[in-house]
>>> print(open('work33.txt').read())   # compact mmCIF, C-alpha atoms
# COMPACT_ATOMS: atom_id res chain seq x y z
CA MET A 1 253.83 -61.69 -133.64
CA GLU A 2 255.28 -59.15 -136.02
CA LYS A 3 256.27 -55.77 -134.77
CA HIS A 4 253.47 -53.37 -135.41
CA PHE A 5 253.73 -49.67 -136.11
CA THR A 6 251.48 -47.67 -133.81
CA ASP A 7 250.83 -43.97 -133.89
CA SER A 8 252.38 -43.47 -130.47
CA ARG A 9 255.74 -42.26 -131.78
CA VAL A 10 255.08 -38.78 -130.48
CA LYS A 11 257.29 -36.68 -128.30
CA GLY A 12 256.08 -35.83 -124.85
CA VAL A 13 252.77 -36.97 -123.48
CA SER A 14 250.79 -39.00 -125.98
CA THR A 15 247.31 -40.37 -125.91
CA GLY A 16 248.32 -43.81 -127.12
CA THR A 17 244.69 -44.59 -126.96
CA THR A 18 241.49 -46.15 -128.16
CA ILE A 19 238.67 -43.93 -129.34
CA LEU A 20 235.49 -44.78 -131.14
CA ALA A 21 232.16 -43.40 -132.24
CA ALA A 22 229.10 -45.14 -133.66
CA VAL A 23 225.73 -44.04 -134.98
CA PHE A 24 222.59 -45.80 -133.72
CA ASP A 25 218.93 -45.29 -134.42
CA GLY A 26 218.26 -41.83 -133.01
CA GLY A 27 221.68 -40.83 -131.75
CA VAL A 28 225.37 -41.45 -131.52
CA VAL A 29 227.74 -42.95 -128.96
CA ILE A 30 231.28 -41.63 -128.63
CA GLY A 31 233.80 -43.08 -126.22
CA SER A 32 237.40 -43.57 -125.26
CA ASP A 33 239.73 -45.08 -122.69
CA SER A 34 241.39 -42.87 -120.09
CA ARG A 35 245.11 -43.50 -120.18
CA ALA A 36 247.83 -40.99 -121.08
CA SER A 37 251.39 -42.23 -121.32
CA ILE A 38 254.89 -40.99 -122.04
CA GLY A 39 256.65 -43.12 -124.63
CA GLY A 40 254.49 -46.07 -123.71
CA GLU A 41 256.53 -46.59 -120.56
CA TYR A 42 255.01 -44.40 -117.91
CA VAL A 43 251.33 -43.81 -117.38
CA SER A 44 251.11 -40.10 -116.69
CA SER A 45 247.39 -40.13 -116.11
CA LYS A 46 244.98 -42.97 -115.41
CA THR A 47 241.84 -40.91 -115.66
CA ILE A 48 242.28 -38.40 -118.39
CA ASN A 49 239.19 -37.29 -120.27
CA LYS A 50 239.61 -37.58 -124.01
CA VAL A 51 236.00 -36.87 -124.88
CA ILE A 52 235.76 -33.10 -125.18
CA GLN A 53 232.57 -31.14 -125.57
CA VAL A 54 232.87 -28.53 -128.30
CA HIS A 55 229.19 -27.55 -128.28
CA ASP A 56 225.90 -28.57 -126.71
CA ARG A 57 225.37 -31.63 -128.86
CA ILE A 58 228.81 -32.03 -130.43
CA PHE A 59 231.71 -33.91 -128.86
CA CYS A 60 235.08 -34.91 -130.15
CA CYS A 61 237.69 -37.47 -129.18
CA MET A 62 241.37 -36.84 -129.63
CA ALA A 63 244.28 -39.09 -130.44
CA GLY A 64 247.97 -38.43 -130.87
CA SER A 65 249.92 -35.75 -129.07
CA LEU A 66 247.92 -34.58 -126.08
CA ALA A 67 249.28 -31.04 -126.22
CA ASP A 68 248.42 -30.63 -129.88
CA ALA A 69 244.97 -32.11 -129.42
CA GLN A 70 244.13 -29.85 -126.48
CA ALA A 71 245.33 -26.75 -128.32
CA VAL A 72 243.32 -27.61 -131.40
CA THR A 73 240.13 -28.39 -129.50
CA LYS A 74 240.37 -25.14 -127.52
CA THR A 75 240.66 -23.16 -130.74
CA ALA A 76 237.89 -25.14 -132.38
CA LYS A 77 235.58 -24.63 -129.41
CA PHE A 78 236.05 -20.88 -129.58
CA GLN A 79 235.57 -20.67 -133.34
CA LEU A 80 232.49 -22.84 -133.15
CA SER A 81 230.79 -20.81 -130.44
CA PHE A 82 231.49 -17.63 -132.41
CA HIS A 83 230.05 -19.22 -135.55
CA SER A 84 227.01 -20.40 -133.64
CA ILE A 85 226.29 -16.89 -132.34
CA GLN A 86 226.65 -15.41 -135.81
CA MET A 87 224.30 -17.98 -137.32
CA GLU A 88 221.89 -17.74 -134.36
CA SER A 89 221.42 -21.47 -134.32
CA PRO A 90 223.26 -24.49 -133.02
CA PRO A 91 226.14 -25.45 -135.30
CA LEU A 92 226.02 -28.46 -137.57
CA VAL A 93 228.20 -31.43 -136.71
CA ILE A 94 229.92 -31.08 -140.05
CA SER A 95 230.82 -27.48 -139.21
CA ALA A 96 232.57 -28.64 -136.05
CA ALA A 97 234.40 -31.32 -137.99
CA SER A 98 235.37 -28.83 -140.69
CA VAL A 99 236.81 -26.43 -138.16
CA LEU A 100 239.00 -29.22 -136.80
CA LYS A 101 239.91 -30.23 -140.33
CA GLN A 102 241.01 -26.71 -141.26
CA LEU A 103 243.26 -26.51 -138.21
CA CYS A 104 244.76 -29.95 -138.82
CA TYR A 105 245.28 -29.44 -142.54
CA ASN A 106 246.73 -25.94 -142.41
CA ASN A 107 249.13 -26.87 -139.64
CA LYS A 108 249.89 -30.38 -140.72
CA GLU A 109 253.67 -29.93 -140.46
CA GLU A 110 253.60 -29.02 -136.81
CA LEU A 111 250.64 -30.97 -135.50
CA GLN A 112 250.28 -34.61 -134.71
CA ALA A 113 246.67 -35.06 -133.73
CA GLY A 114 243.62 -36.82 -135.14
CA PHE A 115 239.98 -36.48 -134.14
CA ILE A 116 236.67 -38.20 -134.19
CA THR A 117 233.73 -35.79 -134.10
CA ALA A 118 230.27 -37.02 -133.22
CA GLY A 119 227.05 -35.25 -132.53
CA TRP A 120 223.46 -34.53 -133.35
CA ASP A 121 222.00 -31.66 -135.34
CA LYS A 122 218.58 -30.85 -136.73
CA LYS A 123 219.57 -31.07 -140.36
CA LYS A 124 221.05 -34.55 -140.58
CA GLY A 125 220.48 -36.13 -137.20
CA PRO A 126 223.24 -38.23 -135.65
CA GLN A 127 226.58 -38.18 -137.48
CA VAL A 128 230.18 -39.24 -137.03
CA TYR A 129 233.13 -37.60 -138.78
CA VAL A 130 236.76 -38.53 -138.83
CA VAL A 131 239.60 -36.01 -139.20
CA SER A 132 242.84 -37.88 -139.74
CA LEU A 133 246.44 -36.85 -139.08
CA GLY A 134 247.00 -34.97 -142.34
CA GLY A 135 243.62 -33.26 -142.33
CA MET A 136 241.32 -35.57 -144.29
CA LEU A 137 237.64 -35.37 -143.36
CA ILE A 138 235.20 -38.18 -144.03
CA SER A 139 231.86 -39.29 -142.65
CA GLN A 140 231.32 -42.85 -141.51
CA PRO A 141 228.59 -44.61 -139.52
CA VAL A 142 231.19 -46.12 -137.20
CA THR A 143 234.81 -45.31 -136.74
CA ILE A 144 237.68 -46.21 -134.44
CA GLY A 145 241.03 -44.56 -133.83
CA GLY A 146 244.16 -44.53 -131.75
CA SER A 147 246.77 -47.19 -131.21
CA GLY A 148 244.34 -49.63 -129.61
CA SER A 149 242.00 -49.51 -132.58
CA THR A 150 244.05 -51.94 -134.68
CA TYR A 151 243.04 -54.80 -132.39
CA ILE A 152 239.33 -54.23 -132.78
CA TYR A 153 238.94 -53.70 -136.54
CA GLY A 154 237.81 -57.29 -136.90
CA TYR A 155 235.38 -57.00 -134.00
CA VAL A 156 233.88 -53.74 -135.24
CA ASP A 157 233.53 -55.01 -138.81
CA ALA A 158 231.78 -58.12 -137.58
CA LYS A 159 229.57 -56.64 -134.87
CA TYR A 160 228.45 -53.19 -136.03
CA LYS A 161 225.06 -53.00 -137.72
CA VAL A 162 223.25 -49.87 -138.86
CA ASN A 163 220.13 -48.83 -136.92
CA MET A 164 220.98 -50.56 -133.66
CA THR A 165 219.10 -49.56 -130.55
CA ARG A 166 220.69 -47.36 -127.92
CA GLU A 167 221.34 -50.31 -125.59
CA GLU A 168 222.83 -52.45 -128.34
CA CYS A 169 225.12 -49.64 -129.40
CA LEU A 170 226.25 -48.96 -125.84
CA GLN A 171 227.04 -52.64 -125.34
CA PHE A 172 228.90 -52.70 -128.65
CA ALA A 173 230.99 -49.65 -127.73
CA THR A 174 231.74 -50.94 -124.24
CA ASN A 175 232.81 -54.33 -125.56
CA ALA A 176 235.00 -52.79 -128.25
CA LEU A 177 236.79 -50.52 -125.77
CA ALA A 178 237.24 -53.38 -123.31
CA LEU A 179 238.74 -55.62 -125.98
CA ALA A 180 241.13 -52.93 -127.18
CA MET A 181 242.20 -52.04 -123.65
CA GLY A 182 242.84 -55.72 -123.04
CA ARG A 183 245.34 -55.94 -125.88
CA ASP A 184 246.92 -52.49 -126.13
CA ASN A 185 249.29 -51.58 -123.35
CA VAL A 186 248.92 -47.83 -123.89
CA SER A 187 245.12 -47.94 -123.56
CA GLY A 188 243.46 -48.55 -120.24
CA GLY A 189 241.83 -47.11 -117.17
CA VAL A 190 238.10 -46.44 -117.35
CA ALA A 191 235.79 -46.33 -120.33
CA ASN A 192 234.33 -42.87 -120.92
CA LEU A 193 231.18 -42.93 -123.01
CA VAL A 194 228.87 -40.14 -124.10
CA VAL A 195 225.45 -40.74 -125.66
CA ILE A 196 224.14 -37.83 -127.75
CA THR A 197 220.56 -37.66 -128.94
CA GLU A 198 218.03 -34.98 -129.81
CA GLU A 199 216.90 -34.97 -126.18
CA GLY A 200 220.28 -34.35 -124.68
CA VAL A 201 223.63 -35.69 -123.62
CA GLU A 202 224.39 -38.50 -121.18
CA HIS A 203 227.80 -39.29 -119.71
CA ILE A 204 228.59 -42.85 -118.72
CA VAL A 205 231.79 -43.90 -116.98
CA ILE A 206 232.60 -47.56 -116.60
CA PRO A 207 235.49 -48.28 -114.24
CA GLY A 208 238.05 -50.90 -115.20
CA ASP A 209 236.75 -53.63 -112.94
CA LYS A 210 233.19 -53.30 -114.26
CA LEU A 211 234.19 -53.68 -117.89
CA PRO A 212 233.05 -56.86 -119.64
CA ARG A 213 235.55 -59.68 -119.36
CA PHE A 214 236.20 -62.10 -122.15
CA SER A 215 237.55 -65.59 -121.80
CA ASP A 216 241.26 -65.20 -121.22
CA GLU A 217 243.48 -67.84 -122.71
CA MET B 1 255.02 -55.36 -144.58
CA ALA B 2 253.41 -54.67 -141.27
CA ALA B 3 254.83 -51.15 -141.25
CA ALA B 4 253.57 -50.46 -144.74
CA SER B 5 250.03 -51.35 -143.84
CA MET B 6 249.72 -48.86 -140.97
CA MET B 7 251.65 -45.76 -141.96
CA PRO B 8 250.27 -43.45 -144.64
CA ILE B 9 253.07 -43.49 -147.20
CA PHE B 10 253.38 -39.98 -148.54
CA SER B 11 255.84 -40.71 -151.23
CA GLN B 12 258.67 -43.15 -151.38
CA ASN B 13 258.21 -43.42 -155.09
CA VAL B 14 261.45 -41.89 -156.24
CA SER B 15 263.29 -45.04 -157.27
CA SER B 16 266.83 -45.14 -155.89
CA ASN B 17 269.20 -46.43 -158.58
CA SER B 18 267.28 -47.29 -161.68
CA ASP B 19 263.87 -47.67 -163.17
CA LEU B 20 265.13 -50.59 -165.22
CA VAL B 21 264.27 -53.03 -162.47
CA PRO B 22 260.90 -52.65 -160.72
CA GLU B 23 260.98 -51.85 -157.03
CA TRP B 24 259.16 -54.98 -156.01
CA SER B 25 261.74 -57.29 -157.48
CA ARG B 26 264.31 -55.88 -155.09
CA GLN B 27 262.22 -56.63 -152.05
CA GLU B 28 262.26 -59.80 -150.07
CA VAL B 29 259.42 -62.23 -150.58
CA SER B 30 257.27 -62.14 -147.50
CA THR B 31 254.26 -64.03 -146.33
CA GLY B 32 252.81 -60.89 -144.71
CA THR B 33 249.82 -62.85 -143.72
CA THR B 34 247.11 -63.96 -141.34
CA ILE B 35 247.31 -67.40 -139.77
CA MET B 36 245.21 -68.97 -137.05
CA ALA B 37 245.01 -72.22 -135.13
CA VAL B 38 242.33 -73.40 -132.67
CA GLU B 39 242.16 -76.46 -130.42
CA TYR B 40 238.95 -78.40 -129.98
CA ASP B 41 238.20 -81.59 -128.12
CA GLY B 42 239.64 -84.23 -130.44
CA GLY B 43 241.83 -82.16 -132.73
CA VAL B 44 242.82 -78.78 -134.12
CA VAL B 45 241.68 -76.46 -136.87
CA VAL B 46 244.34 -74.48 -138.72
CA GLY B 47 243.75 -71.74 -141.26
CA ALA B 48 245.61 -69.20 -143.35
CA ASP B 49 245.10 -66.68 -146.12
CA SER B 50 246.89 -67.22 -149.43
CA ARG B 51 248.80 -64.07 -150.33
CA THR B 52 252.59 -63.83 -150.71
CA THR B 53 253.98 -60.40 -151.49
CA THR B 54 257.23 -58.87 -152.66
CA GLY B 55 256.67 -55.28 -151.71
CA ALA B 56 253.49 -54.19 -153.45
CA TYR B 57 253.41 -57.08 -155.92
CA ILE B 58 251.50 -60.22 -155.02
CA ALA B 59 253.94 -62.94 -155.99
CA ASN B 60 251.52 -65.77 -155.27
CA ARG B 61 247.81 -65.27 -154.69
CA VAL B 62 247.05 -68.93 -153.96
CA THR B 63 249.88 -69.77 -151.58
CA ASP B 64 249.58 -72.76 -149.30
CA LYS B 65 250.88 -71.61 -145.95
CA LEU B 66 249.72 -74.73 -144.15
CA THR B 67 252.71 -76.99 -144.39
CA ARG B 68 252.75 -80.66 -143.49
CA ILE B 69 255.46 -81.55 -141.01
CA HIS B 70 254.21 -85.03 -140.23
CA ASP B 71 251.07 -87.10 -140.71
CA ARG B 72 249.15 -85.31 -138.01
CA ILE B 73 251.29 -82.21 -137.45
CA TYR B 74 251.03 -79.07 -139.55
CA CYS B 75 252.59 -75.64 -139.26
CA CYS B 76 251.28 -72.23 -140.33
CA ARG B 77 253.98 -69.96 -141.70
CA SER B 78 254.27 -66.17 -141.48
CA GLY B 79 257.18 -63.80 -142.06
CA SER B 80 259.85 -64.36 -144.65
CA ALA B 81 258.78 -67.02 -147.15
CA ALA B 82 262.32 -68.29 -147.63
CA ASP B 83 263.09 -68.53 -143.93
CA THR B 84 259.89 -70.34 -143.04
CA GLN B 85 260.17 -72.80 -145.91
CA ALA B 86 263.74 -73.61 -144.92
CA ILE B 87 262.89 -74.07 -141.25
CA ALA B 88 259.88 -76.23 -142.06
CA GLU B 89 262.00 -78.49 -144.25
CA VAL B 90 264.64 -78.88 -141.57
CA VAL B 91 262.11 -79.65 -138.84
CA SER B 92 260.24 -82.02 -141.11
CA TYR B 93 263.42 -83.97 -141.68
CA GLN B 94 264.41 -84.00 -138.02
CA LEU B 95 260.94 -85.08 -136.95
CA GLY B 96 260.73 -87.84 -139.55
CA PHE B 97 264.05 -89.23 -138.37
CA HIS B 98 263.02 -89.01 -134.72
CA SER B 99 259.73 -90.76 -135.43
CA ILE B 100 261.48 -93.68 -137.12
CA GLU B 101 263.86 -94.00 -134.19
CA LEU B 102 260.96 -94.03 -131.75
CA ASP B 103 258.87 -96.30 -133.93
CA GLU B 104 255.74 -94.32 -133.15
CA PRO B 105 254.10 -91.07 -134.31
CA PRO B 106 255.87 -87.97 -132.95
CA LEU B 107 254.34 -85.64 -130.40
CA VAL B 108 253.18 -82.17 -131.39
CA GLU B 109 255.20 -80.83 -128.51
CA THR B 110 258.34 -82.35 -130.00
CA ALA B 111 257.70 -80.67 -133.33
CA ALA B 112 257.11 -77.36 -131.55
CA HIS B 113 260.36 -77.68 -129.63
CA LEU B 114 262.27 -78.42 -132.83
CA PHE B 115 260.84 -75.28 -134.40
CA ARG B 116 261.75 -73.27 -131.37
CA ALA B 117 265.28 -74.62 -131.32
CA SER B 118 265.92 -73.42 -134.87
CA CYS B 119 264.08 -70.13 -134.49
CA TYR B 120 265.85 -69.23 -131.27
CA ARG B 121 269.35 -70.28 -132.30
CA TYR B 122 269.22 -68.28 -135.51
CA ARG B 123 266.97 -65.52 -134.22
CA GLU B 124 269.24 -62.75 -135.54
CA GLU B 125 269.14 -64.00 -139.10
CA LEU B 126 265.59 -65.26 -139.31
CA MET B 127 262.24 -63.59 -139.62
CA ALA B 128 259.72 -66.32 -138.97
CA GLY B 129 256.51 -66.49 -136.96
CA ILE B 130 255.12 -70.01 -136.86
CA LEU B 131 252.10 -71.77 -135.41
CA VAL B 132 252.57 -75.50 -134.84
CA ALA B 133 249.37 -77.51 -134.52
CA GLY B 134 248.41 -81.15 -134.61
CA TRP B 135 247.05 -84.18 -132.87
CA ASP B 136 248.83 -86.89 -130.95
CA ARG B 137 247.66 -89.73 -128.76
CA ARG B 138 249.08 -88.38 -125.54
CA LYS B 139 247.55 -84.90 -125.35
CA GLY B 140 245.05 -84.75 -128.20
CA GLY B 141 244.77 -81.53 -130.19
CA GLN B 142 247.42 -78.93 -129.39
CA VAL B 143 248.46 -75.52 -130.70
CA TYR B 144 251.91 -74.10 -130.03
CA CYS B 145 252.98 -70.59 -130.92
CA VAL B 146 256.60 -69.85 -131.94
CA PRO B 147 256.69 -66.11 -132.74
CA ILE B 148 259.60 -64.04 -134.02
CA GLY B 149 262.46 -64.31 -131.55
CA GLY B 150 261.93 -67.94 -130.73
CA MET B 151 259.56 -68.09 -127.77
CA LEU B 152 257.45 -71.19 -127.32
CA VAL B 153 254.06 -71.21 -125.66
CA ARG B 154 251.04 -73.45 -125.89
CA GLN B 155 247.71 -71.67 -126.35
CA PRO B 156 244.21 -73.00 -127.01
CA VAL B 157 243.82 -70.45 -129.78
CA SER B 158 246.46 -68.41 -131.52
CA VAL B 159 246.72 -65.97 -134.42
CA GLY B 160 249.80 -64.71 -136.21
CA GLY B 161 251.10 -62.65 -139.07
CA SER B 162 250.60 -59.01 -139.99
CA GLY B 163 246.84 -59.35 -140.25
CA SER B 164 246.50 -60.83 -136.79
CA SER B 165 246.48 -57.45 -135.01
CA TYR B 166 243.10 -56.63 -136.48
CA ILE B 167 241.38 -59.72 -135.16
CA TYR B 168 242.55 -59.89 -131.55
CA GLY B 169 239.37 -58.20 -130.42
CA PHE B 170 237.19 -60.50 -132.52
CA MET B 171 239.02 -63.56 -131.28
CA ASP B 172 238.91 -62.52 -127.61
CA SER B 173 235.18 -61.95 -127.77
CA ASN B 174 234.20 -64.97 -129.84
CA TYR B 175 236.44 -67.77 -128.60
CA LYS B 176 235.26 -69.82 -125.65
CA PRO B 177 236.76 -73.05 -124.38
CA GLY B 178 234.79 -76.11 -125.42
CA LEU B 179 233.85 -75.21 -129.00
CA SER B 180 232.99 -77.98 -131.42
CA LYS B 181 234.91 -78.70 -134.62
CA ASP B 182 232.38 -76.90 -136.81
CA GLN B 183 232.29 -73.90 -134.51
CA CYS B 184 236.08 -73.70 -134.69
CA LEU B 185 235.98 -73.88 -138.48
CA ASP B 186 233.37 -71.13 -138.55
CA LEU B 187 235.34 -68.95 -136.14
CA THR B 188 238.56 -69.38 -138.12
CA THR B 189 236.87 -68.60 -141.44
CA LYS B 190 235.24 -65.46 -140.08
CA ALA B 191 238.40 -64.26 -138.35
CA LEU B 192 240.57 -64.77 -141.42
CA THR B 193 238.02 -63.01 -143.62
CA LEU B 194 237.91 -60.00 -141.31
CA ALA B 195 241.70 -59.79 -141.25
CA MET B 196 241.96 -60.16 -145.00
CA GLU B 197 239.58 -57.27 -145.46
CA ARG B 198 241.72 -54.91 -143.39
CA ASP B 199 245.30 -56.07 -143.97
CA GLY B 200 246.83 -55.23 -147.34
CA SER B 201 249.31 -58.08 -147.01
CA SER B 202 246.62 -60.72 -146.51
CA GLY B 203 244.08 -61.87 -149.05
CA GLY B 204 243.15 -64.41 -151.67
CA VAL B 205 241.41 -67.55 -150.49
CA VAL B 206 241.04 -69.09 -147.06
CA ARG B 207 242.76 -72.42 -146.63
CA LEU B 208 241.64 -74.62 -143.76
CA ALA B 209 242.75 -77.96 -142.38
CA THR B 210 241.30 -80.10 -139.62
CA ILE B 211 243.68 -82.50 -137.89
CA SER B 212 242.37 -85.27 -135.67
CA GLU B 213 242.90 -88.92 -134.89
CA ASP B 214 241.16 -89.78 -138.16
CA GLY B 215 243.60 -87.82 -140.23
CA VAL B 216 243.79 -84.51 -142.02
CA GLU B 217 240.92 -82.90 -143.87
CA ARG B 218 241.76 -79.92 -146.08
CA ARG B 219 239.46 -77.42 -147.67
CA VAL B 220 239.61 -74.14 -149.55
CA ILE B 221 237.09 -71.32 -149.37
CA LEU B 222 237.20 -69.15 -152.46
CA GLY B 223 236.83 -65.37 -152.41
CA ASP B 224 233.18 -65.18 -153.39
CA GLN B 225 232.17 -67.78 -150.80
CA LEU B 226 233.71 -65.98 -147.87
CA PRO B 227 231.33 -64.62 -145.21
CA LYS B 228 230.21 -61.05 -145.78
CA PHE B 229 230.03 -58.47 -143.03
CA SER B 230 227.88 -55.38 -143.12
CA THR B 231 229.75 -52.81 -145.14
CA HIS B 232 230.45 -49.41 -143.69
>>> encode(input="work33.txt", output="structure tokens")
Amino acid sequence: MEKHFTDSRVKGVSTGTTILAAVFDGGVVIGSDSRASIGGEYVSSKTINKVIQVHDRIFCCMAGSLADAQAVTKTAKFQLSFHSIQMESPPLVISAASVLKQLCYNNKEELQAGFITAGWDKKKGPQVYVVSLGGMLISQPVTIGGSGSTYIYGYVDAKYKVNMTREECLQFATNALALAMGRDNVSGGVANLVVITEEGVEHIVIPGDKLPRFSDE
Amino acid sequence: MAAASMMPIFSQNVSSNSDLVPEWSRQEVSTGTTIMAVEYDGGVVVGADSRTTTGAYIANRVTDKLTRIHDRIYCCRSGSAADTQAIAEVVSYQLGFHSIELDEPPLVETAAHLFRASCYRYREELMAGILVAGWDRRKGGQVYCVPIGGMLVRQPVSVGGSGSSYIYGFMDSNYKPGLSKDQCLDLTTKALTLAMERDGSSGGVVRLATISEDGVERRVILGDQLPKFSTH
């Protein structure tokens, strides 16, 4: 097959990765794999957590350079909690995404990190935002990112429907991650999923051997 | 081709020597593409998109990438259009000669090995990814994959070309051994449509061919008849 450009040409530790987020009826699921690698040759961590909580009902997933992503999320978390105290109410998901966007856009020369932000707020309910490498911010009902995402564009386009139930969406996300991890050598480990609804937040971890298996050729 | 579709191009628009000749005419003609082949009990289904590009210009939007090598052996071409056409012609000739010598229809495996021989020997000069598929009396429907570099492997289902990356997940989850001919046709059509929607180098119409003991059946699915997936 033709050589394919992935976004894992970063120096140092990279989250060559698969991340995704999807809106369902009443909430949102955000998830990722758990592998961190150096140059795609050495797995430096098999169980890294790429789903970071930036506020009570807002999580984000990072892709790209691990150092950059951690620095940005730390800053964003601080700015967001300050903003939330000033406003005396939980922050909107779009505020969280905008904070990340500002950091990515203003420092685009130095940084190499992209984010998916997902969460629930009272104004608009469940939402998913994507902040890309250069600092673009858009809202989508479902989005995927990282090097492993190329292999599941077809699957996501075919399988995602708006207003799925929580169970359907979880199954969809688990399948998508499993398929990507099966094809991308820099994605792997366990599947970390977080379900965010008005009621609260639920963490689900699916170890590698419990992931769905598809007919192997 | 494949690189162009993934990387955000910030600006390579400053033309090097002159603006007298458009940039695309200086680029090699490529079948940046999506091709697929599936075995079923009794034959094979092959499919391809129909876009040939030179850089950003679509040189041919109704290309036929399913090339007849013999009565019941076809190949799907991806990579450089010139290279794959040349290789297909050479193999077609060699196979025709071999078949006359043998006085019986050639095996799909033979065709695949001939492709591999050319692709591997000239691997430095060529850029060709080829799927060889067909039916013969000995082993029924078979699909062989000869990617860039000249490897040869038989697979029950195989995809290739720049658009193939996007449909690995779809293919892994939807293919099961033991599908019927119509299920294979449906799977191929859906997979090619999904790839064409995401890959800039793939598009146009979907060309399909079914190869079995009874012969070859070709069909074309035009753009407006392609399956639609929920937009988001």
>>> closest_residue(input="work33.txt", among="A:Glu199, A:Ser139, A:Leu100, A:Gly145", to="Lys124 (chain A)", atoms="all atoms listed in the file")
A:Ser139
>>> interface_residues(input="work33.txt", of="chain A", to="chain B", cutoff="12 Å", atoms="only C-alpha atoms", output="ChimeraX atom specification")
/A:1-9,22-23,132-134,136,139-144,146-163,172,175-184,212-217
>>> atom_distance(input="work33.txt", atom1="CA of Ile69 (chain B)", atom2="CA of Arg138 (chain B)")
18.1 Å
>>> closest_residue(input="work33.txt", among="B:Arg116, B:Arg219, B:Arg207, B:Lys139", to="Asp41 (chain B)", atoms="all atoms listed in the file")
B:Lys139
>>> residues_around(input="work33.txt", residues="Thr67 (chain B)", least_positions_apart="3", cutoff="10 Å", atoms="only C-alpha atoms", output="list in words")
Asp64, His70, Ile73, Tyr74, Cys75, Cys76, Arg77, Thr84, Gln85, Ala88, Glu89, Ser92 and Val132 of chain B
>>> closest_residue(input="work33.txt", among="B:Asp214, B:Asp83, B:Asp199, B:Asp49", to="Val62 (chain B)", atoms="all atoms listed in the file")
B:Asp49
>>> atom_distance(input="work33.txt", atom1="CA of Val195 (chain A)", atom2="CA of Lys101 (chain A)")
23.1 Å
>>> residues_around(input="work33.txt", residues="Val205 (chain B)", least_positions_apart="4", cutoff="7 Å", atoms="all atoms listed in the file", output="compact mmCIF listing (two decimals) with C-alpha atoms, keeping the file's coordinate frame")
# COMPACT_ATOMS: atom_id res chain seq x y z
CA ASP B 49 245.10 -66.68 -146.12
CA SER B 50 246.89 -67.22 -149.43
CA VAL B 62 247.05 -68.93 -153.96
CA VAL B 220 239.61 -74.14 -149.55
CA ILE B 221 237.09 -71.32 -149.37
CA LEU B 222 237.20 -69.15 -152.46
CA GLY B 223 236.83 -65.37 -152.41
>>> atom_distance(input="work33.txt", atom1="CA of Ile100 (chain B)", atom2="CA of Leu66 (chain B)")
23.4 Å
